[in-house]
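K.L.:
Following this line is data_26.tsv, made up of TSV, C-alpha atoms:
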chain	number	residue	atom	x	y	z
J	1160	MET	CA	-15.91	-3.89	26.18
J	1161	SER	CA	-13.27	-4.11	23.45
J	1162	THR	CA	-12.10	-7.49	22.24
J	1163	HIS	CA	-8.45	-8.45	22.70
J	1164	TYR	CA	-6.93	-9.91	19.54
J	1165	LYS	CA	-3.74	-11.98	19.62
J	1166	TYR	CA	-2.52	-11.23	16.10
J	1167	LEU	CA	-3.95	-7.85	15.09
J	1168	ASP	CA	-0.84	-5.96	16.16
J	1169	LEU	CA	1.38	-8.36	14.18
J	1170	VAL	CA	-0.71	-7.93	11.04
J	1171	MET	CA	-0.57	-4.16	11.50
J	1172	ALA	CA	3.21	-4.26	11.95
J	1173	ALA	CA	3.63	-6.33	8.78
J	1174	PHE	CA	1.33	-3.98	6.87
J	1175	VAL	CA	3.26	-0.86	7.91
J	1176	THR	CA	6.65	-2.52	7.30
J	1177	VAL	CA	5.70	-3.41	3.73
J	1178	LEU	CA	4.37	0.08	3.16
J	1179	LEU	CA	7.53	1.86	4.35
J	1180	ILE	CA	9.92	-0.44	2.47
J	1181	SER	CA	7.86	0.03	-0.69
J	1182	ASN	CA	8.00	3.82	-0.43
J	1183	ILE	CA	11.79	3.81	-0.07
J	1184	ALA	CA	12.28	1.32	-2.91
J	1185	SER	CA	9.98	3.32	-5.19
J	1186	SER	CA	12.31	6.29	-4.95
J	1187	ALA	CA	15.53	4.30	-5.12
J	1188	LYS	CA	15.27	2.40	-8.40
J	1189	ILE	CA	13.21	1.65	-11.52
J	1190	VAL	CA	13.44	-2.03	-12.46
J	1191	ASP	CA	13.48	-3.21	-16.08
J	1192	TRP	CA	12.83	-6.94	-16.52
J	1193	GLY	CA	13.97	-6.91	-20.15
J	1194	PHE	CA	10.75	-7.86	-21.94
J	1195	SER	CA	7.46	-6.28	-22.94
J	1196	ILE	CA	3.72	-6.81	-22.57
J	1197	SER	CA	1.82	-5.80	-25.72
J	1198	GLY	CA	4.67	-3.52	-26.69
J	1199	LEU	CA	5.05	-1.94	-23.26
J	1200	PRO	CA	8.39	-2.67	-21.53
J	1201	LEU	CA	7.99	-4.42	-18.19
J	1202	ALA	CA	9.58	-1.64	-16.16
J	1203	PHE	CA	8.35	-0.27	-12.84
J	1204	ASP	CA	9.56	1.37	-9.67
J	1205	ALA	CA	11.14	-1.12	-7.28
J	1206	GLY	CA	8.54	-0.50	-4.59
J	1207	THR	CA	6.07	-2.39	-6.75
J	1208	LEU	CA	7.83	-5.64	-5.79
J	1209	MET	CA	6.54	-5.45	-2.21
J	1210	PHE	CA	3.66	-3.00	-2.29
J	1211	PRO	CA	1.03	-5.55	-3.45
J	1212	LEU	CA	1.52	-7.31	-0.13
J	1213	SER	CA	0.02	-4.29	1.62
J	1214	TYR	CA	-3.25	-4.94	-0.23
J	1215	ILE	CA	-3.16	-8.58	0.81
J	1216	PHE	CA	-2.72	-7.51	4.43
J	1217	GLY	CA	-5.51	-4.97	3.90
J	1218	ASP	CA	-7.78	-7.74	2.63
J	1219	ILE	CA	-6.94	-9.90	5.63
J	1220	LEU	CA	-7.62	-7.06	8.07
J	1221	THR	CA	-11.02	-6.21	6.59
J	1222	GLU	CA	-12.08	-9.82	6.07
J	1223	VAL	CA	-11.27	-10.93	9.62
J	1224	TYR	CA	-11.53	-7.82	11.79
J	1225	GLY	CA	-13.81	-5.56	9.75
J	1226	PHE	CA	-13.54	-2.12	8.16
J	1227	ARG	CA	-13.33	-0.31	11.50
J	1228	LYS	CA	-10.10	-2.07	12.54
J	1229	SER	CA	-8.72	-1.80	9.03
J	1230	ARG	CA	-9.41	1.94	9.02
J	1231	ARG	CA	-7.27	2.44	12.12
J	1232	VAL	CA	-4.41	0.41	10.63
J	1233	ILE	CA	-4.60	2.40	7.38
J	1234	TRP	CA	-4.27	5.62	9.37
J	1235	VAL	CA	-1.31	4.19	11.30
J	1236	GLY	CA	0.36	3.43	7.97
J	1237	PHE	CA	-0.45	6.93	6.73
J	1238	ALA	CA	1.12	8.52	9.82
J	1239	ALA	CA	4.19	6.26	9.59
J	1240	SER	CA	4.71	7.17	5.93
J	1241	ALA	CA	4.43	10.88	6.68
J	1242	ALA	CA	6.86	10.57	9.60
J	1243	MET	CA	9.33	8.65	7.44
J	1244	SER	CA	9.21	11.28	4.70
J	1245	ALA	CA	9.70	14.08	7.23
J	1246	SER	CA	12.69	12.25	8.74
J	1247	PHE	CA	14.37	11.78	5.37
J	1248	TRP	CA	13.77	15.47	4.58
J	1249	VAL	CA	15.45	16.54	7.82
J	1250	VAL	CA	18.42	14.24	7.14
J	1251	GLN	CA	18.75	15.53	3.60
J	1252	ASN	CA	18.97	19.12	4.83
J	1253	LEU	CA	21.52	18.45	7.58
J	1254	PRO	CA	25.16	19.25	6.69
J	1255	GLY	CA	27.13	16.24	5.52
J	1256	GLU	CA	30.43	15.16	7.11
J	1257	ALA	CA	33.52	15.86	4.97
J	1258	GLN	CA	34.67	12.26	4.37
J	1259	TRP	CA	31.11	11.13	3.64
J	1260	GLN	CA	30.83	13.92	1.07
J	1261	GLY	CA	33.88	12.46	-0.63
J	1262	TYR	CA	32.63	8.90	-1.17
J	1263	ALA	CA	28.86	9.53	-1.26
J	1264	GLY	CA	27.71	13.12	-0.87
J	1265	ASP	CA	24.51	15.09	-0.87
J	1266	ALA	CA	24.01	14.64	-4.59
J	1267	ALA	CA	23.99	10.85	-4.30
J	1268	TYR	CA	21.68	10.99	-1.28
J	1269	GLY	CA	19.31	13.31	-3.11
J	1270	ALA	CA	19.32	11.17	-6.24
J	1271	ILE	CA	18.50	7.93	-4.40
J	1272	LEU	CA	16.70	8.79	-1.17
J	1273	GLY	CA	15.75	12.39	-1.80
J	1274	GLY	CA	12.63	11.23	-3.58
J	1275	VAL	CA	11.26	9.82	-0.34
J	1276	SER	CA	11.28	13.34	1.10
J	1277	SER	CA	10.49	15.26	-2.08
J	1278	GLY	CA	7.14	16.99	-2.38
J	1279	GLY	CA	6.17	14.93	-5.41
J	1280	ILE	CA	6.72	11.53	-3.85
J	1281	ILE	CA	5.16	12.53	-0.54
J	1282	VAL	CA	2.00	13.93	-2.10
J	1283	ALA	CA	1.70	11.12	-4.65
J	1284	SER	CA	2.27	8.29	-2.19
J	1285	LEU	CA	0.04	9.64	0.58
J	1286	VAL	CA	-2.88	10.61	-1.66
J	1287	ALA	CA	-2.74	7.39	-3.68
J	1288	TYR	CA	-2.33	5.29	-0.52
J	1289	PHE	CA	-5.30	6.97	1.18
J	1290	LEU	CA	-7.64	6.58	-1.79
J	1291	GLY	CA	-6.48	3.11	-2.81
J	1292	GLU	CA	-6.44	1.44	0.60
J	1293	PHE	CA	-9.79	2.81	1.71
J	1294	SER	CA	-11.36	1.89	-1.64
J	1295	ASN	CA	-10.02	-1.65	-1.33
J	1296	SER	CA	-11.28	-2.06	2.24
J	1297	TYR	CA	-14.68	-0.52	1.47
J	1298	VAL	CA	-15.30	-2.69	-1.59
J	1299	LEU	CA	-14.23	-5.87	0.21
J	1300	ALA	CA	-16.44	-5.12	3.24
J	1301	LYS	CA	-19.47	-4.39	1.07
J	1302	MET	CA	-18.92	-7.48	-1.08
J	1303	LYS	CA	-18.60	-9.67	2.01
J	1304	VAL	CA	-22.01	-8.61	3.26
J	1305	ALA	CA	-23.62	-8.82	-0.18
J	1306	MET	CA	-22.14	-12.28	-0.85
J	1307	GLU	CA	-22.76	-13.53	2.70
J	1308	GLY	CA	-19.07	-14.27	3.20
J	1309	LYS	CA	-18.80	-16.64	0.25
J	1310	MET	CA	-16.16	-16.76	-2.52
J	1311	LEU	CA	-13.35	-14.99	-0.73
J	1312	TRP	CA	-11.19	-15.16	-3.84
J	1313	MET	CA	-13.68	-13.11	-5.83
J	1314	ARG	CA	-13.88	-10.49	-3.11
J	1315	THR	CA	-10.14	-10.12	-2.58
J	1316	ILE	CA	-9.36	-9.95	-6.29
J	1317	GLY	CA	-12.36	-7.71	-7.04
J	1318	SER	CA	-11.48	-5.20	-4.35
J	1319	THR	CA	-7.83	-5.23	-5.43
J	1320	LEU	CA	-8.77	-4.52	-9.05
J	1321	ILE	CA	-10.46	-1.32	-7.91
J	1322	GLY	CA	-8.08	-0.29	-5.13
J	1323	GLU	CA	-4.93	-0.88	-7.15
J	1324	ALA	CA	-6.35	0.93	-10.19
J	1325	ILE	CA	-6.96	4.03	-8.06
J	1326	ASP	CA	-3.67	3.72	-6.19
J	1327	THR	CA	-1.43	3.01	-9.18
J	1328	SER	CA	-2.87	5.57	-11.58
J	1329	GLY	CA	-3.08	8.22	-8.86
J	1330	PHE	CA	0.47	7.71	-7.60
J	1331	ILE	CA	2.13	7.69	-11.01
J	1332	LEU	CA	0.05	10.62	-12.31
J	1333	ILE	CA	0.81	12.87	-9.33
J	1334	ALA	CA	4.47	11.83	-9.22
J	1335	THR	CA	4.83	12.49	-12.94
J	1336	LEU	CA	3.19	15.89	-12.61
J	1337	PHE	CA	5.79	16.74	-9.97
J	1338	GLY	CA	8.59	15.58	-12.27
J	1339	VAL	CA	9.54	12.43	-10.33
J	1340	PHE	CA	8.98	10.21	-13.38
J	1341	PRO	CA	9.30	11.29	-17.04
J	1342	TRP	CA	6.10	11.40	-19.12
J	1343	GLU	CA	7.74	9.11	-21.68
J	1344	ILE	CA	7.32	6.11	-19.37
J	1345	PHE	CA	3.97	7.14	-17.84
J	1346	TRP	CA	1.83	4.45	-19.48
J	1347	THR	CA	4.56	1.86	-19.11
J	1348	LEU	CA	4.63	2.45	-15.36
J	1349	VAL	CA	0.83	2.52	-15.02
J	1350	VAL	CA	0.15	-0.65	-17.01
J	1351	THR	CA	3.05	-2.75	-15.77
J	1352	ASN	CA	2.56	-1.66	-12.16
J	1353	TYR	CA	-1.14	-2.49	-12.28
J	1354	VAL	CA	-0.72	-5.84	-14.04
J	1355	PHE	CA	2.04	-6.91	-11.69
J	1356	LYS	CA	0.17	-5.88	-8.51
J	1357	VAL	CA	-3.04	-7.65	-9.51
J	1358	ALA	CA	-1.06	-10.72	-10.58
J	1359	VAL	CA	0.56	-10.91	-7.14
J	1360	GLU	CA	-2.90	-10.80	-5.52
J	1361	VAL	CA	-4.13	-13.62	-7.75
J	1362	ILE	CA	-1.03	-15.81	-7.30
J	1363	LEU	CA	-1.03	-15.40	-3.52
J	1364	THR	CA	-4.75	-16.09	-3.13
J	1365	PRO	CA	-4.07	-19.53	-1.54
J	1366	VAL	CA	-1.80	-17.80	1.01
J	1367	THR	CA	-4.57	-15.29	1.75
J	1368	TYR	CA	-7.01	-18.14	2.30
J	1369	GLY	CA	-4.61	-19.85	4.69
J	1370	ILE	CA	-3.92	-16.74	6.78
J	1371	VAL	CA	-7.59	-15.69	6.87
J	1372	GLY	CA	-8.65	-19.17	7.97
J	1373	PHE	CA	-5.99	-19.30	10.67
J	1374	LEU	CA	-6.88	-15.87	12.04
J	1375	LYS	CA	-10.62	-16.52	12.06
J	1376	ARG	CA	-10.09	-19.69	14.06
J	1377	SER	CA	-7.50	-18.22	16.41
J	1378	GLU	CA	-9.23	-14.89	17.02
J	1379	GLN	CA	-12.75	-16.36	16.90
J	1380	GLU	CA	-13.68	-13.42	14.72
J	1381	ASP	CA	-15.32	-13.12	11.32
J	1382	TYR	CA	-16.69	-9.60	11.23
J	1383	TYR	CA	-19.47	-8.41	8.90
J	1384	ASP	CA	-19.74	-4.65	8.33
J	1385	ARG	CA	-23.53	-4.49	8.28
J	1386	LYS	CA	-23.89	-1.32	10.34
J	1387	THR	CA	-20.48	0.22	9.85
J	1388	ASN	CA	-19.92	3.90	9.19
J	1389	PHE	CA	-17.55	3.85	6.21
J	1390	ASN	CA	-16.41	7.45	6.66
J	1391	PRO	CA	-12.59	7.12	6.67
J	1392	PHE	CA	-12.34	9.93	9.23
J	1393	ALA	CA	-14.72	8.35	11.78
J	1394	LEU	CA	-11.92	6.98	13.95
J	1395	ASN	CA	-13.94	7.02	17.18
J	1396	GLU	CA	-16.90	5.10	15.83
J	1397	PRO	CA	-18.18	2.54	18.37
J	1398	ARG	CA	-18.16	-1.03	17.14
J	1399	ALA	CA	-21.62	-2.26	16.19
Let me see whether you can do it: turn the structure in this file into structure tokens.

P.N.:
Amino acid sequence: MSTHYKYLDLVMAAFVTVLLISNIASSAKIVDWGFSISGLPLAFDAGTLMFPLSYIFGDILTEVYGFRKSRRVIWVGFAASAAMSASFWVVQNLPGEAQWQGYAGDAAYGAILGGVSSGGIIVASLVAYFLGEFSNSYVLAKMKVAMEGKMLWMRTIGSTLIGEAIDTSGFILIATLFGVFPWEIFWTLVVTNYVFKVAVEVILTPVTYGIVGFLKRSEQEDYYDRKTNFNPFALNEPRA
């Protein structure tokens, strides 16, 4: 018999919300904070401001509910991202009303939101998301068992170091290959994105501790993935 959780759906909703907002912001603007790190300008796509929160929610899901529940939420986020991109593509290809063309127009839409529905952004975001999120959840689940649930901070930061490295480098590489970003800022985007995302994870570690503790007490759950099938496609796996 499946367990009913009071807050799992809320965590999933927050996870997907952050993911979708991040994808839109990534296409809309590149932010330049006006200073450099070791000679690299601190400039990154605007989605980076919120996207690290998705990894925090991913950590919370795996730590409390286990890899199996996290896997389903990751797939929900994947489907939502694909549906969002398809919707923006349909809108982009619909004929624009005459007055709207005068003050905004298809060119402006394409320049700002067209990236959300462009092949490059779709492929880059979905591939990087898939690889990064599952890597993060897998590493955290394995570390939890190996460390017997101790030192949560080490597990959340350690899994994020790996997951974000795969996600960030994969997203920017694929997007750059498709011409979304210029090669001239490739390393700037990779380094600054990665440093910022990991820094957010570290800074918000006390928040992660608080939410994890609250959920474990409220849900009476603290799952260990000792017999879990970590195949990301095994959606119908029975809970051990």

K.L.:
Have a look at J:Pro1391, J:Phe1373, J:Val1361, J:Val1350 and name the one nearest to Trp1234 in chain J; count all atoms listed in the file.

P.N.:
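Counting all atoms listed in the file, the residue closest to Trp1234 in chain J is J:Pro1391.
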
K.L.:
Write out as an NGL selection string which residues come within 10 Å of Tyr1288 in chain J when counting all atoms listed in the file, dropping same-chain ones fewer than 4 positions away.

P.N.:
:J and (1178 or 1233 or 1236-1237 or 1240 or 1282-1284 or 1292-1294 or 1322-1323 or 1325-1327 or 1329-1330)

K.L.:
Quick one: residues within 8 Å of Phe1345 in chain J, all atoms listed in the file counted, chain neighbours fewer than 5 positions away excluded, as a PyMOL selection string?

P.N.:
chain J and resi 1331-1332+1335+1340

K.L.:
Work out how far CA of Thr1319 in chain J is from CA of Asn1295 in chain J, in Å to one decimal.

P.N.:
5.9 Å

K.L.:
Grab the CA of Glu1360 in chain J to CA of Ala1239 in chain J distance for me, in Å with one decimal place.

P.N.:
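Spanning CA of Glu1360 in chain J to CA of Ala1239 in chain J is a straight-line distance of 23.9 Å.
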
K.L.:
So how many Å separate CA of Asp1265 in chain J and CA of Leu1285 in chain J, to one decimal?

P.N.:
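Going from CA of Asp1265 in chain J over to CA of Leu1285 in chain J, I get 25.1 Å.
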
K.L.:
From the set J:Gln1260, J:Gln1379, J:Ser1229, J:Asn1388, which residue has the shortest atom-to-atom contact distance to Thr1162 in chain J, counting all atoms listed in the file?

P.N.:
J:Gln1379

K.L.:
Near Asp1381 in chain J, counting all atoms listed in the file, which residues have an atom at most 12 Å away, once you skip same-chain residues fewer than 2 positions from it, shown as a PyMOL selection string?

P.N.:
chain J and resi 1219-1226+1300+1303-1304+1307-1308+1371-1379+1383-1384
